[in-house]
Amino acid sequence: MTRPSESGSTYAAAGVDIEAGDRAVELMKEWVKKASRPEVVGGLGGFAGLFDASALARYRRPLLASATDGVGTKVDIARRMGVYDTIGRDLVGMVVDDLVVCGAEPLFMTDYICVGKVHPERVAAIVKGIAEGCALAGCALVGGETAEHPGLLGADDFDVAGAGTGVVEADQVLGADRIRTGDAVIAMASSGLHSNGYSLVRHVLFDRAGWALDREVPELGRTLGEEMLEPTRIYSLDCLALTRTTEVHAFSHITGGGLANNLARVIPDGLRAVVDRSTWTPDAIFQLVGQAGSVERLELEKTLNMGVGMMAVVPAGSVDVALTTLADRGVDAWVSGEITERTAGDAGAVTLTGDYAA
């Protein structure tokens, strides 16, 4: 007779709780239903998400666009704060706003959530945020995966990633080939740090300055943790609205690498973008990071968005309509620069001039 201490190993004994995973799926179903589109076929629980591609028949030559991303070490802030229902919006923003840069309409997303231990309510809260983000982006959440990795991740550790698909008409793809001398560069305000540069921010504010997440920061008007968890702004529907109301030549999603490096990705050879810092004032969080860590401006600009989350390059004659469209949609936007000829003495495709407004 086999004694209990000698019984065979089980998945549960190894740290994987299948029942908890099933419970998490049940809890997230109501949120996934809110992130749908008419083209979605079937519901949550299948091995793959289904999307009715006949919807693409209205396109003359549809091009599918694909993007994937995560949210970096911002997940550590969510874990330490015990707040899990906003990080999903960050994930959606990082993916769909890469899609819209080429003019693509985001159609659907899938997600991957990796945890050390499945806490059903926590996983459901993460998916809630993803679903809310998809609704803000106008795309569907058609499926995902939750993986439990005991022994590799701590019981409270987690990470998230996602992939999205969009569609754009072939002759309407935006990018460097459309940009011309004299075009205006429009900046759209970020909601804060978004989801990039958190390794630097955490090092400066936690390790060097010794600040706690519950520290009330007068310059921010809230706690440090609340500021650091502010969700990434999702611009996809705003950008698509611009393409419908006026001529747009290119977009640039300002993520890792900062404004200059990301804008340079859509500037063609022979031209450059001259961006005037004096046209805006970075939010207080950027100034605090610089001061607390004695971080030089160039390093800040190479790492953080400095208050600009998306940029649009439009013909000079489109500026008024573009700014009006964005204002009507509640997006703070302004003309931050222009496209000029590049000369032999220019350091690169993007030049930042002046000082930030006080």
# chains A, B, ... in the order shown; residues from 1 in each chain; ligands from 1
call {"tool": "residues_around", "arguments": {"residues": "Gly93 (chain A)", "least_positions_apart": "3", "cutoff": "10 Å", "atoms": "only C-alpha atoms", "output": "PyMOL selection string"}}
result
chain A and resi 69-71+88-90+96-99+130+133-134+136-137+194-195+231-236+253
call {"tool": "write_last_selection", "arguments": {"atoms": "C-alpha atoms", "output": "mmCIF file, in the first residue's frame"}}
result
data_model
loop_
_atom_site.group_PDB
_atom_site.id
_atom_site.type_symbol
_atom_site.label_atom_id
_atom_site.label_comp_id
_atom_site.auth_asym_id
_atom_site.auth_seq_id
_atom_site.Cartn_x
_atom_site.Cartn_y
_atom_site.Cartn_z
ATOM 1 C CA ASP A 69 4.985 44.899 -27.263
ATOM 2 C CA GLY A 70 4.938 44.842 -23.477
ATOM 3 C CA VAL A 71 5.026 47.522 -20.796
ATOM 4 C CA GLY A 88 -3.590 46.604 -19.457
ATOM 5 C CA ARG A 89 -4.384 50.004 -20.927
ATOM 6 C CA ASP A 90 -0.647 50.602 -21.135
ATOM 7 C CA VAL A 96 -2.179 49.868 -31.244
ATOM 8 C CA ASP A 97 -0.343 53.171 -31.463
ATOM 9 C CA ASP A 98 2.491 51.415 -33.271
ATOM 10 C CA LEU A 99 -0.099 50.072 -35.732
ATOM 11 C CA ILE A 130 -6.684 45.345 -21.517
ATOM 12 C CA GLY A 133 -7.857 49.771 -23.597
ATOM 13 C CA CYS A 134 -9.169 47.862 -26.599
ATOM 14 C CA LEU A 136 -10.649 53.013 -26.251
ATOM 15 C CA ALA A 137 -8.688 51.932 -29.333
ATOM 16 C CA HIS A 194 3.523 56.261 -20.479
ATOM 17 C CA SER A 195 5.361 52.900 -20.436
ATOM 18 C CA PRO A 231 -2.093 54.820 -18.008
ATOM 19 C CA THR A 232 -0.525 55.390 -21.398
ATOM 20 C CA ARG A 233 -2.658 57.595 -23.589
ATOM 21 C CA ILE A 234 -4.164 55.718 -26.535
ATOM 22 C CA TYR A 235 -4.086 57.822 -29.706
ATOM 23 C CA SER A 236 -5.285 55.381 -32.371
ATOM 24 C CA HIS A 253 4.774 57.067 -31.717
#
call {"tool": "residues_around", "arguments": {"residues": "Gly345 (chain A)", "least_positions_apart": "6", "cutoff": "12 Å", "atoms": "only C-alpha atoms", "output": "ChimeraX atom specification"}}
result
/A:270,272,351
call {"tool": "write_last_selection", "arguments": {"atoms": "C-alpha atoms", "output": "compact mmCIF listing (two decimals), in the first residue's frame"}}
result
# COMPACT_ATOMS: atom_id res chain seq x y z
CA GLY A 270 17.76 64.59 -47.36
CA ARG A 272 15.20 66.86 -41.26
CA THR A 351 17.17 68.64 -34.39
call {"tool": "atom_distance", "arguments": {"atom1": "CA of Gly256 (chain A)", "atom2": "CA of Tyr112 (chain A)"}}
result
20.9 Å
call {"tool": "residues_around", "arguments": {"residues": "Thr353 (chain A)", "least_positions_apart": "3", "cutoff": "7 Å", "atoms": "only C-alpha atoms", "output": "PyMOL selection string"}}
result
chain A and resi 275-277
call {"tool": "residues_around", "arguments": {"residues": "Phe158 (chain A)", "least_positions_apart": "3", "cutoff": "8 Å", "atoms": "only C-alpha atoms", "output": "ChimeraX atom specification"}}
result
/A:75,79,113-116,153
call {"tool": "select_by_dssp", "arguments": {"residues": "region 90-332 of chain A", "states": "helix (DSSP H, G or I)", "output": "PyMOL selection string"}}
result
chain A and resi 90-102+120-137+170-172+176-178+198-208+224-228+236-245+258-264+277-279+284-292+297-303+316-328
call {"tool": "residues_around", "arguments": {"residues": "Ala349 (chain A)", "least_positions_apart": "3", "cutoff": "9 Å", "atoms": "only C-alpha atoms", "output": "list of chain:residue names"}}
result
A:Ala260, A:Asn261, A:Leu263, A:Ala264, A:Arg265, A:Ile267, A:Pro268, A:Asp269, A:Gly270, A:Leu271, A:Arg272, A:Ala273, A:Val274, A:Arg342, A:Asp346
call {"tool": "atom_distance", "arguments": {"atom1": "CA of Glu145 (chain A)", "atom2": "CA of Met94 (chain A)"}}
result
18.4 Å
call {"tool": "decode", "arguments": {"residues": "region 247-294 of chain A", "atoms": "N, CA and C atoms", "output": "mmCIF file, in the first residue's frame"}}
result
data_model
loop_
_atom_site.group_PDB
_atom_site.id
_atom_site.type_symbol
_atom_site.label_atom_id
_atom_site.label_comp_id
_atom_site.auth_asym_id
_atom_site.auth_seq_id
_atom_site.Cartn_x
_atom_site.Cartn_y
_atom_site.Cartn_z
ATOM 1 N N GLU A 247 -5.205 65.990 -44.656
ATOM 2 C CA GLU A 247 -4.077 65.233 -45.184
ATOM 3 C C GLU A 247 -3.003 65.046 -44.116
ATOM 4 N N VAL A 248 -2.563 63.818 -43.941
ATOM 5 C CA VAL A 248 -1.493 63.482 -43.005
ATOM 6 C C VAL A 248 -0.408 62.741 -43.773
ATOM 7 N N HIS A 249 0.832 63.101 -43.529
ATOM 8 C CA HIS A 249 1.945 62.441 -44.207
ATOM 9 C C HIS A 249 2.578 61.334 -43.368
ATOM 10 N N ALA A 250 2.639 61.524 -42.055
ATOM 11 C CA ALA A 250 3.274 60.514 -41.210
ATOM 12 C C ALA A 250 2.887 60.732 -39.762
ATOM 13 N N PHE A 251 2.979 59.658 -38.982
ATOM 14 C CA PHE A 251 2.867 59.719 -37.530
ATOM 15 C C PHE A 251 4.150 59.144 -36.941
ATOM 16 N N SER A 252 4.428 59.508 -35.699
ATOM 17 C CA SER A 252 5.528 58.899 -34.967
ATOM 18 C C SER A 252 5.087 58.682 -33.528
ATOM 19 N N HIS A 253 5.131 57.426 -33.083
ATOM 20 C CA HIS A 253 4.774 57.067 -31.717
ATOM 21 C C HIS A 253 6.014 57.254 -30.846
ATOM 22 N N ILE A 254 5.936 58.143 -29.866
ATOM 23 C CA ILE A 254 7.103 58.472 -29.056
ATOM 24 C C ILE A 254 7.184 57.500 -27.881
ATOM 25 N N THR A 255 8.032 56.488 -28.043
ATOM 26 C CA THR A 255 8.174 55.451 -27.018
ATOM 27 C C THR A 255 9.641 55.363 -26.607
ATOM 28 N N GLY A 256 10.147 54.142 -26.414
ATOM 29 C CA GLY A 256 11.529 53.976 -25.984
ATOM 30 C C GLY A 256 12.511 54.618 -26.943
ATOM 31 N N GLY A 257 13.434 55.391 -26.420
ATOM 32 C CA GLY A 257 14.395 56.102 -27.257
ATOM 33 C C GLY A 257 14.113 57.583 -27.349
ATOM 34 N N GLY A 258 12.910 57.990 -26.895
ATOM 35 C CA GLY A 258 12.600 59.408 -26.853
ATOM 36 C C GLY A 258 12.106 59.998 -28.159
ATOM 37 N N LEU A 259 11.848 61.299 -28.106
ATOM 38 C CA LEU A 259 11.225 62.010 -29.221
ATOM 39 C C LEU A 259 12.089 62.001 -30.475
ATOM 40 N N ALA A 260 13.341 62.414 -30.360
ATOM 41 C CA ALA A 260 14.191 62.559 -31.545
ATOM 42 C C ALA A 260 14.399 61.234 -32.264
ATOM 43 N N ASN A 261 14.708 60.189 -31.515
ATOM 44 C CA ASN A 261 14.988 58.898 -32.142
ATOM 45 C C ASN A 261 13.761 58.307 -32.828
ATOM 46 N N ASN A 262 12.590 58.486 -32.226
ATOM 47 C CA ASN A 262 11.382 57.934 -32.833
ATOM 48 C C ASN A 262 10.908 58.756 -34.020
ATOM 49 N N LEU A 263 10.982 60.080 -33.916
ATOM 50 C CA LEU A 263 10.593 60.916 -35.045
ATOM 51 C C LEU A 263 11.527 60.682 -36.227
ATOM 52 N N ALA A 264 12.803 60.436 -35.952
ATOM 53 C CA ALA A 264 13.779 60.203 -37.024
ATOM 54 C C ALA A 264 13.416 58.989 -37.875
ATOM 55 N N ARG A 265 12.670 58.059 -37.317
ATOM 56 C CA ARG A 265 12.312 56.836 -38.047
ATOM 57 C C ARG A 265 11.395 57.103 -39.234
ATOM 58 N N VAL A 266 10.747 58.275 -39.258
ATOM 59 C CA VAL A 266 9.841 58.574 -40.373
ATOM 60 C C VAL A 266 10.321 59.766 -41.203
ATOM 61 N N ILE A 267 11.544 60.216 -40.971
ATOM 62 C CA ILE A 267 12.080 61.335 -41.736
ATOM 63 C C ILE A 267 12.921 60.797 -42.884
ATOM 64 N N PRO A 268 12.640 61.167 -44.123
ATOM 65 C CA PRO A 268 13.376 60.614 -45.267
ATOM 66 C C PRO A 268 14.779 61.200 -45.395
ATOM 67 N N ASP A 269 15.626 60.507 -46.131
ATOM 68 C CA ASP A 269 16.964 61.016 -46.420
ATOM 69 C C ASP A 269 16.860 62.365 -47.116
ATOM 70 N N GLY A 270 17.727 63.272 -46.734
ATOM 71 C CA GLY A 270 17.762 64.591 -47.357
ATOM 72 C C GLY A 270 16.918 65.630 -46.653
ATOM 73 N N LEU A 271 16.078 65.192 -45.715
ATOM 74 C CA LEU A 271 15.248 66.130 -44.952
ATOM 75 C C LEU A 271 15.526 65.969 -43.466
ATOM 76 N N ARG A 272 15.084 66.958 -42.703
ATOM 77 C CA ARG A 272 15.204 66.861 -41.257
ATOM 78 C C ARG A 272 14.010 67.556 -40.614
ATOM 79 N N ALA A 273 13.708 67.152 -39.394
ATOM 80 C CA ALA A 273 12.666 67.802 -38.599
ATOM 81 C C ALA A 273 13.331 68.685 -37.565
ATOM 82 N N VAL A 274 12.944 69.933 -37.531
ATOM 83 C CA VAL A 274 13.445 70.860 -36.520
ATOM 84 C C VAL A 274 12.327 71.084 -35.508
ATOM 85 N N VAL A 275 12.558 70.634 -34.286
ATOM 86 C CA VAL A 275 11.537 70.690 -33.238
ATOM 87 C C VAL A 275 11.968 71.694 -32.178
ATOM 88 N N ASP A 276 11.071 72.609 -31.850
ATOM 89 C CA ASP A 276 11.366 73.697 -30.910
ATOM 90 C C ASP A 276 10.851 73.330 -29.517
ATOM 91 N N ARG A 277 11.755 73.119 -28.586
ATOM 92 C CA ARG A 277 11.371 72.770 -27.215
ATOM 93 C C ARG A 277 10.515 73.844 -26.560
ATOM 94 N N SER A 278 10.695 75.088 -26.956
ATOM 95 C CA SER A 278 9.991 76.188 -26.279
ATOM 96 C C SER A 278 8.485 76.172 -26.539
ATOM 97 N N THR A 279 8.017 75.257 -27.397
ATOM 98 C CA THR A 279 6.583 75.206 -27.688
ATOM 99 C C THR A 279 5.802 74.422 -26.637
ATOM 100 N N TRP A 280 6.492 73.816 -25.663
ATOM 101 C CA TRP A 280 5.751 73.134 -24.608
ATOM 102 C C TRP A 280 6.567 73.059 -23.325
ATOM 103 N N THR A 281 5.863 72.736 -22.246
ATOM 104 C CA THR A 281 6.478 72.540 -20.934
ATOM 105 C C THR A 281 6.280 71.090 -20.523
ATOM 106 N N PRO A 282 7.353 70.325 -20.351
ATOM 107 C CA PRO A 282 7.194 68.938 -19.903
ATOM 108 C C PRO A 282 6.491 68.863 -18.551
ATOM 109 N N ASP A 283 5.727 67.802 -18.330
ATOM 110 C CA ASP A 283 5.043 67.612 -17.057
ATOM 111 C C ASP A 283 6.051 67.558 -15.912
ATOM 112 N N ALA A 284 5.555 67.784 -14.720
ATOM 113 C CA ALA A 284 6.418 67.867 -13.538
ATOM 114 C C ALA A 284 7.230 66.596 -13.298
ATOM 115 N N ILE A 285 6.682 65.440 -13.644
ATOM 116 C CA ILE A 285 7.392 64.185 -13.379
ATOM 117 C C ILE A 285 8.738 64.130 -14.097
ATOM 118 N N PHE A 286 8.801 64.714 -15.295
ATOM 119 C CA PHE A 286 10.057 64.694 -16.050
ATOM 120 C C PHE A 286 11.098 65.604 -15.382
ATOM 121 N N GLN A 287 10.628 66.732 -14.891
ATOM 122 C CA GLN A 287 11.534 67.641 -14.196
ATOM 123 C C GLN A 287 12.023 67.025 -12.885
ATOM 124 N N LEU A 288 11.143 66.322 -12.181
ATOM 125 C CA LEU A 288 11.520 65.700 -10.921
ATOM 126 C C LEU A 288 12.583 64.622 -11.125
ATOM 127 N N VAL A 289 12.413 63.816 -12.165
ATOM 128 C CA VAL A 289 13.399 62.774 -12.446
ATOM 129 C C VAL A 289 14.756 63.407 -12.746
ATOM 130 N N GLY A 290 14.747 64.476 -13.541
ATOM 131 C CA GLY A 290 15.992 65.145 -13.871
ATOM 132 C C GLY A 290 16.683 65.724 -12.658
ATOM 133 N N GLN A 291 15.903 66.354 -11.776
ATOM 134 C CA GLN A 291 16.485 66.989 -10.600
ATOM 135 C C GLN A 291 16.939 65.968 -9.569
ATOM 136 N N ALA A 292 16.108 64.955 -9.308
ATOM 137 C CA ALA A 292 16.420 63.982 -8.256
ATOM 138 C C ALA A 292 17.636 63.133 -8.603
ATOM 139 N N GLY A 293 17.835 62.888 -9.888
ATOM 140 C CA GLY A 293 18.949 62.045 -10.288
ATOM 141 C C GLY A 293 20.081 62.782 -10.964
ATOM 142 N N SER A 294 20.000 64.115 -10.972
ATOM 143 C CA SER A 294 20.990 64.917 -11.696
ATOM 144 C C SER A 294 21.167 64.372 -13.114
#
